[in-house]
$ cat start.tsv   # TSV, C-alpha atoms
chain	number	residue	atom	x	y	z
A	1	MET	CA	49.59	41.35	3.06
A	2	PRO	CA	46.92	43.71	1.81
A	3	VAL	CA	43.43	42.88	2.97
A	4	LYS	CA	42.15	42.57	-0.58
A	5	ARG	CA	44.79	39.99	-1.51
A	6	PHE	CA	44.16	38.07	1.71
A	7	ALA	CA	40.46	37.97	0.92
A	8	ILE	CA	41.16	36.62	-2.56
A	9	TYR	CA	43.40	33.88	-1.12
A	10	ALA	CA	40.79	33.02	1.51
A	11	VAL	CA	38.03	32.73	-1.08
A	12	LEU	CA	40.28	30.63	-3.30
A	13	ALA	CA	41.17	28.34	-0.39
A	14	ALA	CA	37.52	27.97	0.55
A	15	PHE	CA	36.61	27.15	-3.04
A	16	ILE	CA	39.34	24.50	-3.30
A	17	ALA	CA	38.26	23.00	0.04
A	18	ALA	CA	34.59	22.95	-0.95
A	19	MET	CA	35.30	21.34	-4.32
A	20	THR	CA	37.50	18.73	-2.67
A	21	VAL	CA	34.82	17.92	-0.10
A	22	VAL	CA	32.18	17.47	-2.81
A	23	ILE	CA	34.40	15.33	-5.06
A	24	VAL	CA	35.61	13.10	-2.20
A	25	ARG	CA	32.08	12.72	-0.83
A	26	GLN	CA	30.71	11.62	-4.20
A	27	SER	CA	33.64	9.28	-4.74
A	28	VAL	CA	33.12	7.63	-1.35
A	29	ILE	CA	29.38	7.21	-1.97
A	30	GLU	CA	30.11	5.62	-5.36
A	31	ARG	CA	32.91	3.37	-4.07
A	32	VAL	CA	31.35	2.08	-0.83
A	33	PRO	CA	29.23	-0.64	-2.53
A	34	HIS	CA	32.35	-1.91	-4.34
A	35	TRP	CA	34.30	-2.01	-1.05
A	36	VAL	CA	31.44	-3.87	0.63
A	37	ILE	CA	31.14	-6.51	-2.08
A	38	THR	CA	34.92	-7.00	-2.08
A	39	GLN	CA	34.75	-7.68	1.65
A	40	ILE	CA	31.90	-10.12	1.10
A	41	GLN	CA	33.80	-11.89	-1.68
A	42	ASP	CA	36.83	-12.18	0.59
A	43	ARG	CA	34.70	-13.97	3.18
A	44	MET	CA	33.02	-16.28	0.66
A	45	SER	CA	35.87	-18.69	0.51
A	46	SER	CA	35.41	-22.43	0.52
A	47	ALA	CA	38.35	-24.67	1.44
A	48	GLY	CA	40.73	-21.83	0.66
A	49	GLU	CA	39.25	-21.18	-2.78
A	50	ARG	CA	37.96	-17.66	-3.08
A	51	TRP	CA	36.38	-17.69	-6.52
A	52	ASN	CA	33.82	-19.85	-8.33
A	53	THR	CA	33.18	-22.32	-5.54
A	54	CYS	CA	30.03	-22.56	-3.48
A	55	SER	CA	29.90	-22.46	0.29
A	56	HIS	CA	26.79	-23.21	2.32
A	57	THR	CA	25.29	-22.38	5.68
A	58	ARG	CA	25.06	-25.79	7.35
A	59	THR	CA	23.22	-24.85	10.54
A	60	TYR	CA	19.63	-23.86	11.17
A	61	GLY	CA	18.85	-20.42	12.58
A	62	PRO	CA	20.82	-17.21	12.91
A	63	VAL	CA	24.53	-17.33	12.13
A	64	TYR	CA	26.12	-14.51	14.10
A	65	GLY	CA	28.74	-12.23	12.60
A	66	GLY	CA	27.76	-12.69	8.97
A	67	VAL	CA	26.45	-10.19	6.46
A	68	SER	CA	24.53	-7.27	7.99
A	69	ARG	CA	20.80	-7.88	8.43
A	70	ALA	CA	20.78	-11.32	6.84
A	71	ASN	CA	17.58	-13.38	6.98
A	72	PRO	CA	17.90	-16.23	9.51
A	73	ASP	CA	14.96	-18.13	7.99
A	74	SER	CA	16.84	-18.85	4.80
A	75	MET	CA	19.74	-21.26	4.47
A	76	VAL	CA	21.97	-19.95	1.75
A	77	SER	CA	24.56	-21.15	-0.71
A	78	VAL	CA	26.90	-18.42	-1.84
A	79	MET	CA	29.60	-18.02	-4.44
A	80	ALA	CA	31.96	-15.18	-5.31
A	81	TYR	CA	32.45	-15.42	-9.04
A	82	ASP	CA	35.17	-14.25	-11.38
A	83	LEU	CA	34.54	-14.74	-15.09
A	84	SER	CA	37.98	-13.71	-16.31
A	85	ASN	CA	38.91	-17.37	-16.95
A	86	GLY	CA	35.64	-18.25	-18.66
A	87	PRO	CA	32.01	-19.05	-17.86
A	88	VAL	CA	30.87	-20.50	-14.55
A	89	ARG	CA	28.19	-23.13	-14.11
A	90	ILE	CA	25.68	-23.32	-11.23
A	91	SER	CA	23.44	-26.37	-11.14
A	92	GLY	CA	21.43	-28.44	-8.71
A	93	GLU	CA	17.89	-28.85	-7.47
A	94	THR	CA	15.49	-26.25	-6.16
A	95	TRP	CA	13.88	-26.36	-2.73
A	96	PRO	CA	10.11	-26.69	-2.40
A	97	ASN	CA	9.23	-24.16	0.33
A	98	TYR	CA	10.94	-21.29	-1.40
A	99	TRP	CA	14.09	-21.16	-3.47
A	100	SER	CA	15.67	-18.30	-5.34
A	101	LEU	CA	18.92	-17.69	-7.15
A	102	SER	CA	20.11	-14.10	-7.20
A	103	LEU	CA	23.13	-12.50	-8.79
A	104	TYR	CA	24.85	-9.29	-7.75
A	105	GLN	CA	27.23	-7.23	-9.82
A	106	ASP	CA	30.30	-5.61	-8.31
A	107	ASN	CA	28.38	-2.59	-6.99
A	108	THR	CA	25.88	-4.81	-5.05
A	109	ASP	CA	23.02	-4.32	-7.57
A	110	ASN	CA	20.79	-7.40	-7.83
A	111	TYR	CA	20.77	-7.72	-11.62
A	112	PHE	CA	19.15	-11.17	-11.80
A	113	VAL	CA	16.78	-13.16	-9.62
A	114	ILE	CA	14.66	-16.22	-10.31
A	115	ASN	CA	12.63	-18.36	-7.93
A	116	ASP	CA	11.49	-21.99	-7.99
A	117	ARG	CA	8.03	-21.13	-9.27
A	118	GLU	CA	9.51	-19.41	-12.29
A	119	LEU	CA	11.51	-22.48	-13.28
A	120	GLU	CA	9.89	-25.20	-15.37
A	121	THR	CA	11.54	-28.07	-13.49
A	122	SER	CA	12.90	-28.75	-10.02
A	123	ALA	CA	16.40	-28.97	-11.49
A	124	PHE	CA	18.30	-25.84	-12.41
A	125	ASP	CA	21.33	-25.33	-14.61
A	126	PHE	CA	22.76	-21.88	-15.29
A	127	ILE	CA	25.82	-20.74	-17.19
A	128	LEU	CA	27.14	-17.37	-16.11
A	129	SER	CA	29.45	-15.49	-18.45
A	130	ARG	CA	30.45	-12.06	-19.72
A	131	ASP	CA	29.63	-12.88	-23.32
A	132	ALA	CA	26.20	-13.88	-24.59
A	133	THR	CA	27.80	-16.03	-27.30
A	134	ALA	CA	30.07	-17.95	-24.96
A	135	ASP	CA	27.52	-20.50	-23.83
A	136	PRO	CA	29.07	-23.96	-24.18
A	137	SER	CA	25.85	-25.75	-23.31
A	138	GLN	CA	22.59	-26.03	-25.22
A	139	ASN	CA	20.59	-27.04	-22.17
A	140	ALA	CA	21.63	-24.59	-19.51
A	141	GLN	CA	20.05	-21.19	-19.10
A	142	HIS	CA	22.52	-18.51	-19.99
A	143	ILE	CA	23.03	-15.38	-17.91
A	144	VAL	CA	25.29	-12.49	-18.88
A	145	SER	CA	26.97	-10.76	-15.96
A	146	PRO	CA	27.33	-6.98	-16.32
A	147	THR	CA	30.65	-7.11	-14.46
A	148	MET	CA	33.61	-9.50	-14.44
A	149	THR	CA	33.17	-10.35	-10.77
A	150	GLY	CA	30.12	-10.59	-8.56
A	151	VAL	CA	28.25	-12.68	-6.04
A	152	MET	CA	25.66	-15.46	-6.35
A	153	VAL	CA	23.24	-16.26	-3.53
A	154	ILE	CA	20.78	-19.16	-3.37
A	155	ARG	CA	18.16	-18.84	-0.66
A	156	ARG	CA	16.07	-21.71	0.67
A	157	PHE	CA	13.25	-20.98	3.09
A	158	VAL	CA	13.61	-23.52	5.90
A	159	PRO	CA	10.49	-23.39	8.09
A	160	SER	CA	11.66	-25.88	10.71
A	161	PRO	CA	14.88	-27.42	12.04
A	162	ASP	CA	13.37	-30.78	11.08
A	163	ASP	CA	14.10	-29.83	7.45
A	164	LEU	CA	17.85	-29.58	8.07
A	165	PRO	CA	18.89	-33.04	6.74
A	166	ALA	CA	16.95	-32.47	3.53
A	167	VAL	CA	18.48	-29.02	3.08
A	168	LEU	CA	22.00	-30.38	3.57
A	169	ALA	CA	21.31	-33.07	0.98
A	170	ASN	CA	19.97	-30.40	-1.38
A	171	GLN	CA	23.14	-28.33	-0.89
A	172	ASP	CA	25.36	-31.34	-1.58
A	173	LYS	CA	23.72	-31.85	-4.98
A	174	MET	CA	24.88	-28.46	-6.18
A	175	TYR	CA	27.70	-27.83	-8.59
A	176	CYS	CA	29.45	-24.47	-8.76
A	177	GLY	CA	32.57	-24.11	-10.86
A	178	PRO	CA	34.06	-23.75	-14.31
A	179	ALA	CA	31.48	-24.48	-17.00
A	180	GLU	CA	33.69	-26.65	-19.20
A	181	THR	CA	34.52	-29.25	-16.53
A	182	VAL	CA	30.96	-30.56	-16.27
A	183	SER	CA	29.19	-32.38	-19.08
B	1	MET	CA	67.64	42.09	-9.47
B	2	ARG	CA	65.80	39.96	-12.05
B	3	ASP	CA	67.04	36.75	-10.39
B	4	ALA	CA	65.80	37.97	-7.03
B	5	LEU	CA	62.40	38.70	-8.54
B	6	ARG	CA	62.26	35.28	-10.17
B	7	MET	CA	63.21	33.62	-6.91
B	8	LYS	CA	60.49	35.54	-5.08
B	9	THR	CA	57.90	34.54	-7.69
B	10	PHE	CA	59.07	30.92	-7.51
B	11	LYS	CA	58.78	30.93	-3.71
B	12	THR	CA	55.32	32.44	-3.94
B	13	TYR	CA	54.15	29.73	-6.36
B	14	LEU	CA	55.78	27.08	-4.20
B	15	ALA	CA	53.99	28.40	-1.10
B	16	MET	CA	50.65	28.55	-2.93
B	17	THR	CA	51.06	25.01	-4.28
B	18	GLY	CA	51.95	23.76	-0.81
B	19	ALA	CA	48.98	25.55	0.69
B	20	CYS	CA	46.67	24.05	-1.96
B	21	LEU	CA	47.99	20.56	-1.27
B	22	VAL	CA	47.47	21.00	2.46
B	23	ILE	CA	43.93	22.28	1.87
B	24	VAL	CA	43.11	19.39	-0.49
B	25	ALA	CA	44.60	16.81	1.90
B	26	MET	CA	42.78	18.17	4.95
B	27	ALA	CA	39.47	18.53	3.08
B	28	SER	CA	39.83	15.00	1.66
B	29	ILE	CA	40.47	13.43	5.07
B	30	LEU	CA	37.63	15.31	6.72
B	31	SER	CA	35.22	14.65	3.84
B	32	PHE	CA	36.06	10.92	3.82
B	33	ARG	CA	35.59	10.57	7.58
B	34	PHE	CA	32.35	12.53	7.75
B	35	THR	CA	30.87	10.82	4.67
B	36	MET	CA	31.63	7.38	6.13
B	37	LEU	CA	30.17	8.37	9.51
B	38	TRP	CA	27.08	9.70	7.76
B	39	LEU	CA	26.64	6.53	5.71
B	40	GLN	CA	27.25	4.27	8.71
B	41	ASP	CA	24.85	6.09	11.05
B	42	SER	CA	22.80	3.27	12.52
B	43	ASP	CA	19.43	4.94	11.90
B	44	GLY	CA	20.42	7.03	8.89
B	45	VAL	CA	20.74	3.83	6.88
B	46	PHE	CA	16.96	3.92	6.51
B	47	ASP	CA	16.69	7.61	5.59
B	48	GLU	CA	16.28	6.70	1.94
B	49	PHE	CA	13.30	4.44	2.73
B	50	TYR	CA	9.81	5.78	2.07
B	51	THR	CA	7.56	6.57	5.00
B	52	THR	CA	4.15	4.94	5.41
B	53	GLN	CA	1.03	5.83	7.39
B	54	THR	CA	2.48	3.79	10.27
B	55	GLN	CA	5.90	3.60	11.95
B	56	TRP	CA	7.13	1.32	9.17
B	57	ARG	CA	9.27	2.49	6.30
B	58	TYR	CA	9.70	0.59	3.07
B	59	SER	CA	11.95	0.53	0.06
B	60	ASP	CA	11.76	-0.68	-3.51
B	61	GLU	CA	15.36	0.40	-4.12
B	62	VAL	CA	17.04	-2.50	-2.30
B	63	GLY	CA	19.27	-4.13	-4.88
B	64	ALA	CA	17.69	-2.04	-7.65
B	65	LEU	CA	19.70	-1.22	-10.74
B	66	ASP	CA	18.30	2.31	-10.73
B	67	ALA	CA	18.84	2.95	-7.01
B	68	SER	CA	20.26	6.34	-6.15
B	69	PRO	CA	23.98	6.30	-5.24
B	70	VAL	CA	23.23	7.23	-1.63
B	71	SER	CA	20.55	4.57	-1.30
B	72	ARG	CA	22.87	1.96	-2.84
B	73	ALA	CA	25.71	2.90	-0.49
B	74	ARG	CA	23.51	2.87	2.61
B	75	VAL	CA	21.92	-0.46	1.77
B	76	ALA	CA	25.38	-1.87	1.03
B	77	ILE	CA	26.47	-0.96	4.54
B	78	GLY	CA	23.24	-1.67	6.42
B	79	GLY	CA	21.97	-4.74	4.59
B	80	PRO	CA	23.84	-5.81	1.48
B	81	LEU	CA	22.73	-8.55	-0.93
B	82	GLY	CA	19.05	-7.78	-0.55
B	83	LEU	CA	16.66	-9.01	-3.20
B	84	SER	CA	15.13	-6.57	-5.66
B	85	SER	CA	11.49	-5.58	-5.31
B	86	LYS	CA	10.61	-8.10	-8.03
B	87	GLU	CA	11.14	-10.78	-5.39
B	88	VAL	CA	10.82	-9.19	-1.95
B	89	ILE	CA	9.39	-6.04	-0.42
B	90	TYR	CA	11.23	-4.80	2.66
B	91	PHE	CA	9.72	-2.87	5.53
B	92	ILE	CA	11.69	-1.65	8.51
B	93	THR	CA	10.89	0.10	11.74
B	94	THR	CA	13.01	1.60	14.48
B	95	GLU	CA	10.02	2.98	16.41
B	96	ASP	CA	6.98	1.79	18.32
B	97	THR	CA	3.44	3.02	17.62
B	98	ASP	CA	4.07	6.08	19.81
B	99	GLY	CA	7.01	7.06	17.62
B	100	GLU	CA	9.58	6.24	20.31
B	101	ARG	CA	12.86	4.48	19.53
B	102	LEU	CA	12.79	0.70	19.99
B	103	VAL	CA	15.24	-0.13	22.79
B	104	SER	CA	16.11	-3.35	24.56
B	105	GLY	CA	15.18	-1.90	27.96
B	106	CYS	CA	11.48	-2.13	27.09
B	107	ASP	CA	9.10	-5.00	26.41
B	108	TYR	CA	6.83	-4.75	23.38
B	109	LYS	CA	3.81	-6.53	22.01
B	110	MET	CA	3.92	-6.99	18.26
B	111	SER	CA	0.72	-8.08	16.57
B	112	GLY	CA	-0.91	-8.27	13.19
B	113	SER	CA	-2.66	-10.43	10.66
B	114	ASP	CA	-1.49	-12.54	7.76
B	115	ILE	CA	-0.07	-10.70	4.76
B	116	ASP	CA	-0.91	-11.99	1.30
B	117	SER	CA	2.46	-13.25	0.08
B	118	ARG	CA	4.16	-16.59	-0.35
B	119	TRP	CA	5.75	-16.19	3.06
B	120	TRP	CA	6.87	-13.36	5.27
B	121	SER	CA	9.06	-12.89	8.29
B	122	VAL	CA	9.90	-10.41	11.03
B	123	THR	CA	13.53	-10.22	12.16
B	124	LEU	CA	15.08	-8.30	15.05
B	125	TYR	CA	18.54	-6.75	14.65
B	126	ASP	CA	20.83	-4.89	17.02
B	127	SER	CA	20.90	-1.44	15.38
B	128	THR	CA	24.46	-0.77	16.54
B	129	THR	CA	25.89	-3.87	14.83
B	130	ALA	CA	23.22	-4.44	12.13
B	131	ASN	CA	23.38	-8.09	13.18
B	132	TYR	CA	21.46	-10.64	15.20
B	133	VAL	CA	21.13	-10.50	18.97
B	134	PRO	CA	22.72	-13.57	20.57
B	135	ASN	CA	20.17	-15.27	22.84
B	136	THR	CA	19.46	-18.52	24.63
B	137	ASP	CA	16.56	-19.35	22.33
B	138	ASN	CA	18.72	-19.13	19.17
B	139	ARG	CA	15.99	-17.04	17.63
B	140	SER	CA	16.09	-13.72	15.83
B	141	SER	CA	12.90	-13.96	13.81
B	142	TRP	CA	9.43	-15.38	13.38
B	143	HIS	CA	7.99	-16.30	10.03
B	144	SER	CA	4.45	-16.73	8.75
B	145	GLU	CA	4.55	-20.54	8.91
B	146	ALA	CA	5.74	-20.65	12.53
B	147	LEU	CA	3.64	-17.93	14.13
B	148	PRO	CA	0.47	-19.16	15.85
B	149	PHE	CA	-2.64	-17.50	14.40
B	150	ASN	CA	-5.85	-17.33	16.42
B	151	THR	CA	-9.28	-18.14	15.00
B	152	ALA	CA	-9.66	-14.54	13.85
B	153	GLY	CA	-6.46	-14.85	11.84
B	154	GLN	CA	-4.49	-12.63	14.19
B	155	TRP	CA	-1.05	-13.23	15.69
B	156	ALA	CA	0.91	-11.59	18.51
B	157	LEU	CA	4.40	-12.02	19.92
B	158	THR	CA	6.38	-10.50	22.77
B	159	ILE	CA	9.68	-8.67	22.28
B	160	SER	CA	11.73	-8.74	25.46
B	161	PRO	CA	15.28	-9.44	26.68
B	162	ASP	CA	13.79	-11.80	29.30
B	163	ALA	CA	12.40	-15.23	28.42
B	164	GLN	CA	8.68	-15.09	27.65
B	165	PRO	CA	6.03	-17.64	26.73
B	166	SER	CA	6.17	-18.47	23.02
B	167	PRO	CA	6.09	-16.67	20.66
B	168	TRP	CA	8.98	-14.68	22.08
B	169	LEU	CA	11.39	-12.52	20.06
B	170	PRO	CA	14.48	-11.88	22.22
B	171	SER	CA	16.06	-8.42	22.40
B	172	GLN	CA	19.37	-7.40	23.94
B	173	MET	CA	20.19	-7.80	27.65
B	174	ASN	CA	21.90	-4.38	27.61
B	175	SER	CA	18.87	-2.15	28.04
B	176	SER	CA	20.26	0.91	26.25
B	177	ILE	CA	20.94	-0.84	22.96
B	178	PRO	CA	18.50	0.11	20.20
B	179	PHE	CA	17.10	-2.47	17.82
B	180	ASP	CA	15.20	-2.50	14.58
B	181	LEU	CA	12.66	-4.83	13.03
B	182	VAL	CA	12.68	-5.89	9.39
B	183	LEU	CA	9.54	-7.26	7.76
B	184	ARG	CA	10.17	-9.16	4.52
B	185	LEU	CA	7.38	-10.10	2.12
B	186	TYR	CA	8.51	-12.85	-0.26
B	187	ASN	CA	6.63	-13.07	-3.55
B	188	PRO	CA	3.82	-10.76	-2.45
B	189	SER	CA	0.55	-11.25	-4.29
B	190	ALA	CA	-0.34	-8.88	-7.09
B	191	GLN	CA	-2.92	-7.25	-4.81
B	192	THR	CA	-0.40	-6.77	-1.98
B	193	ARG	CA	2.10	-5.34	-4.43
B	194	ALA	CA	-0.50	-2.95	-5.80
B	195	ASP	CA	-1.57	-1.84	-2.31
B	196	VAL	CA	1.92	-1.25	-0.88
B	197	PRO	CA	2.53	0.70	1.28
B	198	ASP	CA	-1.13	0.90	2.30
B	199	ILE	CA	-1.38	-2.70	3.49
B	200	VAL	CA	-2.20	-3.75	7.03
B	201	LEU	CA	1.18	-3.92	8.73
B	202	PRO	CA	2.01	-5.27	12.21
B	203	ILE	CA	1.89	-2.84	15.11
B	204	VAL	CA	4.53	-2.63	17.86
B	205	GLU	CA	3.18	-1.44	21.20
B	206	LYS	CA	5.27	-0.76	24.26
B	207	ILE	CA	4.25	-2.81	27.30
B	208	SER	CA	6.68	-1.53	29.92
B	209	CYS	CA	10.27	-0.41	30.44
B	210	ARG	CA	12.89	-1.28	33.07

$ encode --input "start.tsv" --output "structure tokens"
Amino acid sequence: MPVKRFAIYAVLAAFIAAMTVVIVRQSVIERVPHWVITQIQDRMSSAGERWNTCSHTRTYGPVYGGVSRANPDSMVSVMAYDLSNGPVRISGETWPNYWSLSLYQDNTDNYFVINDRELETSAFDFILSRDATADPSQNAQHIVSPTMTGVMVIRRFVPSPDDLPAVLANQDKMYCGPAETVS
Amino acid sequence: MRDALRMKTFKTYLAMTGACLVIVAMASILSFRFTMLWLQDSDGVFDEFYTTQTQWRYSDEVGALDASPVSRARVAIGGPLGLSSKEVIYFITTEDTDGERLVSGCDYKMSGSDIDSRWWSVTLYDSTTANYVPNTDNRSSWHSEALPFNTAGQWALTISPDAQPSPWLPSQMNSSIPFDLVLRLYNPSAQTRADVPDIVLPIVEKISCR
């Protein structure tokens, strides 16, 4: 093979390799958050139900093996949501020390967060849907999710293990599920 | 003669297509592996955080809708489901005040003053697992309502793998394992928010090493 032709092939091969490296690298960077949130959603199952049901941390202090760099001072309620079958309702009571409800779209972006001081009452009632006109309730606060699936996290700051019974009672007052099944 | 020429051309194209596929496959595998290793690097996860005047780094891109793709991917791996800066400001350090890597083989004194926010906390994580360090005290953090403040409004705690008088923040028994500290400010005051990152942050001083 003439040297000139070999050089052309080598340059072409290098160009193809470089382009592939760049495209794959960008794709991986873009996809990683989606893979991570899918893994999280897979773990957020409650009694075998993966979607639209809440599960709660029921012990005080660090829970080993959970989400990377979680905060052990908060006791959380979590829900993986899927809005393909309609809106989802999240309701209950806030927690006095600190309470926040945060929502994450399917690339891990925190598109909504509200804390207890921003609510007018100690009770909360949210309807989560894909369509701003789909709210079946006049009383609940409506939130439009940018993506069909996502994750909801409620954080309660629990300063002391003495607060555990009250936190468990607060968790038990929550409702997470299809919007139309609750009046 | 013409058929032989066609066959030769066909074989050449076939060889070039095969070579291209091999190049694309090899480059894809290598790029995937190296990109994942780069994203998962235990310290690199904080490369997108801003530096401060101290050893602490901070970020306002955790959970942000306008976060860069690399920042979003690294946070997703190193600490997913963080709250946006509207709610929490995150600081992180992997170094002591001398700029040396925090490792479980050393004891440290961490001290500071109150930070104007609704509440704040300091949490210790094993950098290799990005998770808590199992310990007999069932403790991985101290928060602003539990730390004892002296009359001057100062607090101090000891970071060590061995049991210490309270307040003690346990590190790993395996002395070579690095750890990191995350400082979270929940609902920082308007003044704190305006002053970040130039607020008075805790200092981490090495006491001794094994």

$ atom_distance --input "start.tsv" --atom1 "CA of Tyr60 (chain A)" --atom2 "CA of Ile154 (chain A)"
15.3 Å

$ interface_residues --input "start.tsv" --of "chain A" --to "chain B" --cutoff "9 Å" --atoms "only C-alpha atoms" --output "JSON, numbers by chain"
{"A": [13, 14, 16, 17, 18, 19, 20, 21, 22, 23, 24, 25, 26, 28, 29, 30, 31, 32, 33, 34, 36, 37, 61, 62, 63, 64, 65, 66, 67, 68, 69, 70, 71, 72, 73, 98, 100, 102, 103, 104, 107, 108, 109, 110, 111, 112, 113, 114, 115, 151, 153, 157, 159, 160]}

$ write_last_selection --input "start.tsv" --atoms "C-alpha atoms" --output "mmCIF file, in the coordinates of the input"
data_model
loop_
_atom_site.group_PDB
_atom_site.id
_atom_site.type_symbol
_atom_site.label_atom_id
_atom_site.label_comp_id
_atom_site.auth_asym_id
_atom_site.auth_seq_id
_atom_site.Cartn_x
_atom_site.Cartn_y
_atom_site.Cartn_z
ATOM 1 C CA ALA A 13 41.170 28.340 -0.390
ATOM 2 C CA ALA A 14 37.520 27.970 0.550
ATOM 3 C CA ILE A 16 39.340 24.500 -3.300
ATOM 4 C CA ALA A 17 38.260 23.000 0.040
ATOM 5 C CA ALA A 18 34.590 22.950 -0.950
ATOM 6 C CA MET A 19 35.300 21.340 -4.320
ATOM 7 C CA THR A 20 37.500 18.730 -2.670
ATOM 8 C CA VAL A 21 34.820 17.920 -0.100
ATOM 9 C CA VAL A 22 32.180 17.470 -2.810
ATOM 10 C CA ILE A 23 34.400 15.330 -5.060
ATOM 11 C CA VAL A 24 35.610 13.100 -2.200
ATOM 12 C CA ARG A 25 32.080 12.720 -0.830
ATOM 13 C CA GLN A 26 30.710 11.620 -4.200
ATOM 14 C CA VAL A 28 33.120 7.630 -1.350
ATOM 15 C CA ILE A 29 29.380 7.210 -1.970
ATOM 16 C CA GLU A 30 30.110 5.620 -5.360
ATOM 17 C CA ARG A 31 32.910 3.370 -4.070
ATOM 18 C CA VAL A 32 31.350 2.080 -0.830
ATOM 19 C CA PRO A 33 29.230 -0.640 -2.530
ATOM 20 C CA HIS A 34 32.350 -1.910 -4.340
ATOM 21 C CA VAL A 36 31.440 -3.870 0.630
ATOM 22 C CA ILE A 37 31.140 -6.510 -2.080
ATOM 23 C CA GLY A 61 18.850 -20.420 12.580
ATOM 24 C CA PRO A 62 20.820 -17.210 12.910
ATOM 25 C CA VAL A 63 24.530 -17.330 12.130
ATOM 26 C CA TYR A 64 26.120 -14.510 14.100
ATOM 27 C CA GLY A 65 28.740 -12.230 12.600
ATOM 28 C CA GLY A 66 27.760 -12.690 8.970
ATOM 29 C CA VAL A 67 26.450 -10.190 6.460
ATOM 30 C CA SER A 68 24.530 -7.270 7.990
ATOM 31 C CA ARG A 69 20.800 -7.880 8.430
ATOM 32 C CA ALA A 70 20.780 -11.320 6.840
ATOM 33 C CA ASN A 71 17.580 -13.380 6.980
ATOM 34 C CA PRO A 72 17.900 -16.230 9.510
ATOM 35 C CA ASP A 73 14.960 -18.130 7.990
ATOM 36 C CA TYR A 98 10.940 -21.290 -1.400
ATOM 37 C CA SER A 100 15.670 -18.300 -5.340
ATOM 38 C CA SER A 102 20.110 -14.100 -7.200
ATOM 39 C CA LEU A 103 23.130 -12.500 -8.790
ATOM 40 C CA TYR A 104 24.850 -9.290 -7.750
ATOM 41 C CA ASN A 107 28.380 -2.590 -6.990
ATOM 42 C CA THR A 108 25.880 -4.810 -5.050
ATOM 43 C CA ASP A 109 23.020 -4.320 -7.570
ATOM 44 C CA ASN A 110 20.790 -7.400 -7.830
ATOM 45 C CA TYR A 111 20.770 -7.720 -11.620
ATOM 46 C CA PHE A 112 19.150 -11.170 -11.800
ATOM 47 C CA VAL A 113 16.780 -13.160 -9.620
ATOM 48 C CA ILE A 114 14.660 -16.220 -10.310
ATOM 49 C CA ASN A 115 12.630 -18.360 -7.930
ATOM 50 C CA VAL A 151 28.250 -12.680 -6.040
ATOM 51 C CA VAL A 153 23.240 -16.260 -3.530
ATOM 52 C CA PHE A 157 13.250 -20.980 3.090
ATOM 53 C CA PRO A 159 10.490 -23.390 8.090
ATOM 54 C CA SER A 160 11.660 -25.880 10.710
#

$ residues_near_point --input "start.tsv" --point "(22.5, 2.1, 27.8)" --cutoff "12 Å" --atoms "all atoms listed in the file" --output "number ranges by chain"
B: 103-106, 128, 172-178, 210

$ atom_distance --input "start.tsv" --atom1 "CA of Pro96 (chain A)" --atom2 "CA of Pro148 (chain B)"
22.0 Å

$ build_atoms --input "start.tsv" --residues "region 179-189 of chain B" --atoms "N, CA and C atoms" --output "PDB file, in the frame of the given file"
ATOM      1  N   PHE B 179      17.237  -1.409  18.820  1.00  0.00           N
ATOM      2  CA  PHE B 179      17.100  -2.470  17.820  1.00  0.00           C
ATOM      3  C   PHE B 179      16.128  -2.041  16.737  1.00  0.00           C
ATOM      4  N   ASP B 180      16.155  -2.760  15.643  1.00  0.00           N
ATOM      5  CA  ASP B 180      15.200  -2.500  14.580  1.00  0.00           C
ATOM      6  C   ASP B 180      14.549  -3.798  14.140  1.00  0.00           C
ATOM      7  N   LEU B 181      13.414  -3.671  13.522  1.00  0.00           N
ATOM      8  CA  LEU B 181      12.660  -4.830  13.030  1.00  0.00           C
ATOM      9  C   LEU B 181      12.520  -4.743  11.520  1.00  0.00           C
ATOM     10  N   VAL B 182      12.811  -5.839  10.852  1.00  0.00           N
ATOM     11  CA  VAL B 182      12.680  -5.890   9.390  1.00  0.00           C
ATOM     12  C   VAL B 182      11.584  -6.887   9.034  1.00  0.00           C
ATOM     13  N   LEU B 183      10.618  -6.417   8.263  1.00  0.00           N
ATOM     14  CA  LEU B 183       9.540  -7.260   7.760  1.00  0.00           C
ATOM     15  C   LEU B 183       9.787  -7.517   6.276  1.00  0.00           C
ATOM     16  N   ARG B 184       9.908  -8.801   5.923  1.00  0.00           N
ATOM     17  CA  ARG B 184      10.170  -9.160   4.520  1.00  0.00           C
ATOM     18  C   ARG B 184       8.954  -9.882   3.951  1.00  0.00           C
ATOM     19  N   LEU B 185       8.483  -9.432   2.818  1.00  0.00           N
ATOM     20  CA  LEU B 185       7.380 -10.100   2.120  1.00  0.00           C
ATOM     21  C   LEU B 185       7.937 -10.770   0.869  1.00  0.00           C
ATOM     22  N   TYR B 186       7.990 -12.107   0.884  1.00  0.00           N
ATOM     23  CA  TYR B 186       8.510 -12.850  -0.260  1.00  0.00           C
ATOM     24  C   TYR B 186       7.387 -13.162  -1.239  1.00  0.00           C
ATOM     25  N   ASN B 187       7.624 -12.852  -2.494  1.00  0.00           N
ATOM     26  CA  ASN B 187       6.630 -13.070  -3.550  1.00  0.00           C
ATOM     27  C   ASN B 187       5.256 -12.565  -3.120  1.00  0.00           C
ATOM     28  N   PRO B 188       5.144 -11.291  -2.815  1.00  0.00           N
ATOM     29  CA  PRO B 188       3.820 -10.760  -2.450  1.00  0.00           C
ATOM     30  C   PRO B 188       2.856 -10.932  -3.602  1.00  0.00           C
ATOM     31  N   SER B 189       1.569 -11.095  -3.242  1.00  0.00           N
ATOM     32  CA  SER B 189       0.550 -11.250  -4.290  1.00  0.00           C
ATOM     33  C   SER B 189       0.448  -9.960  -5.087  1.00  0.00           C
TER      34      SER B 189
END
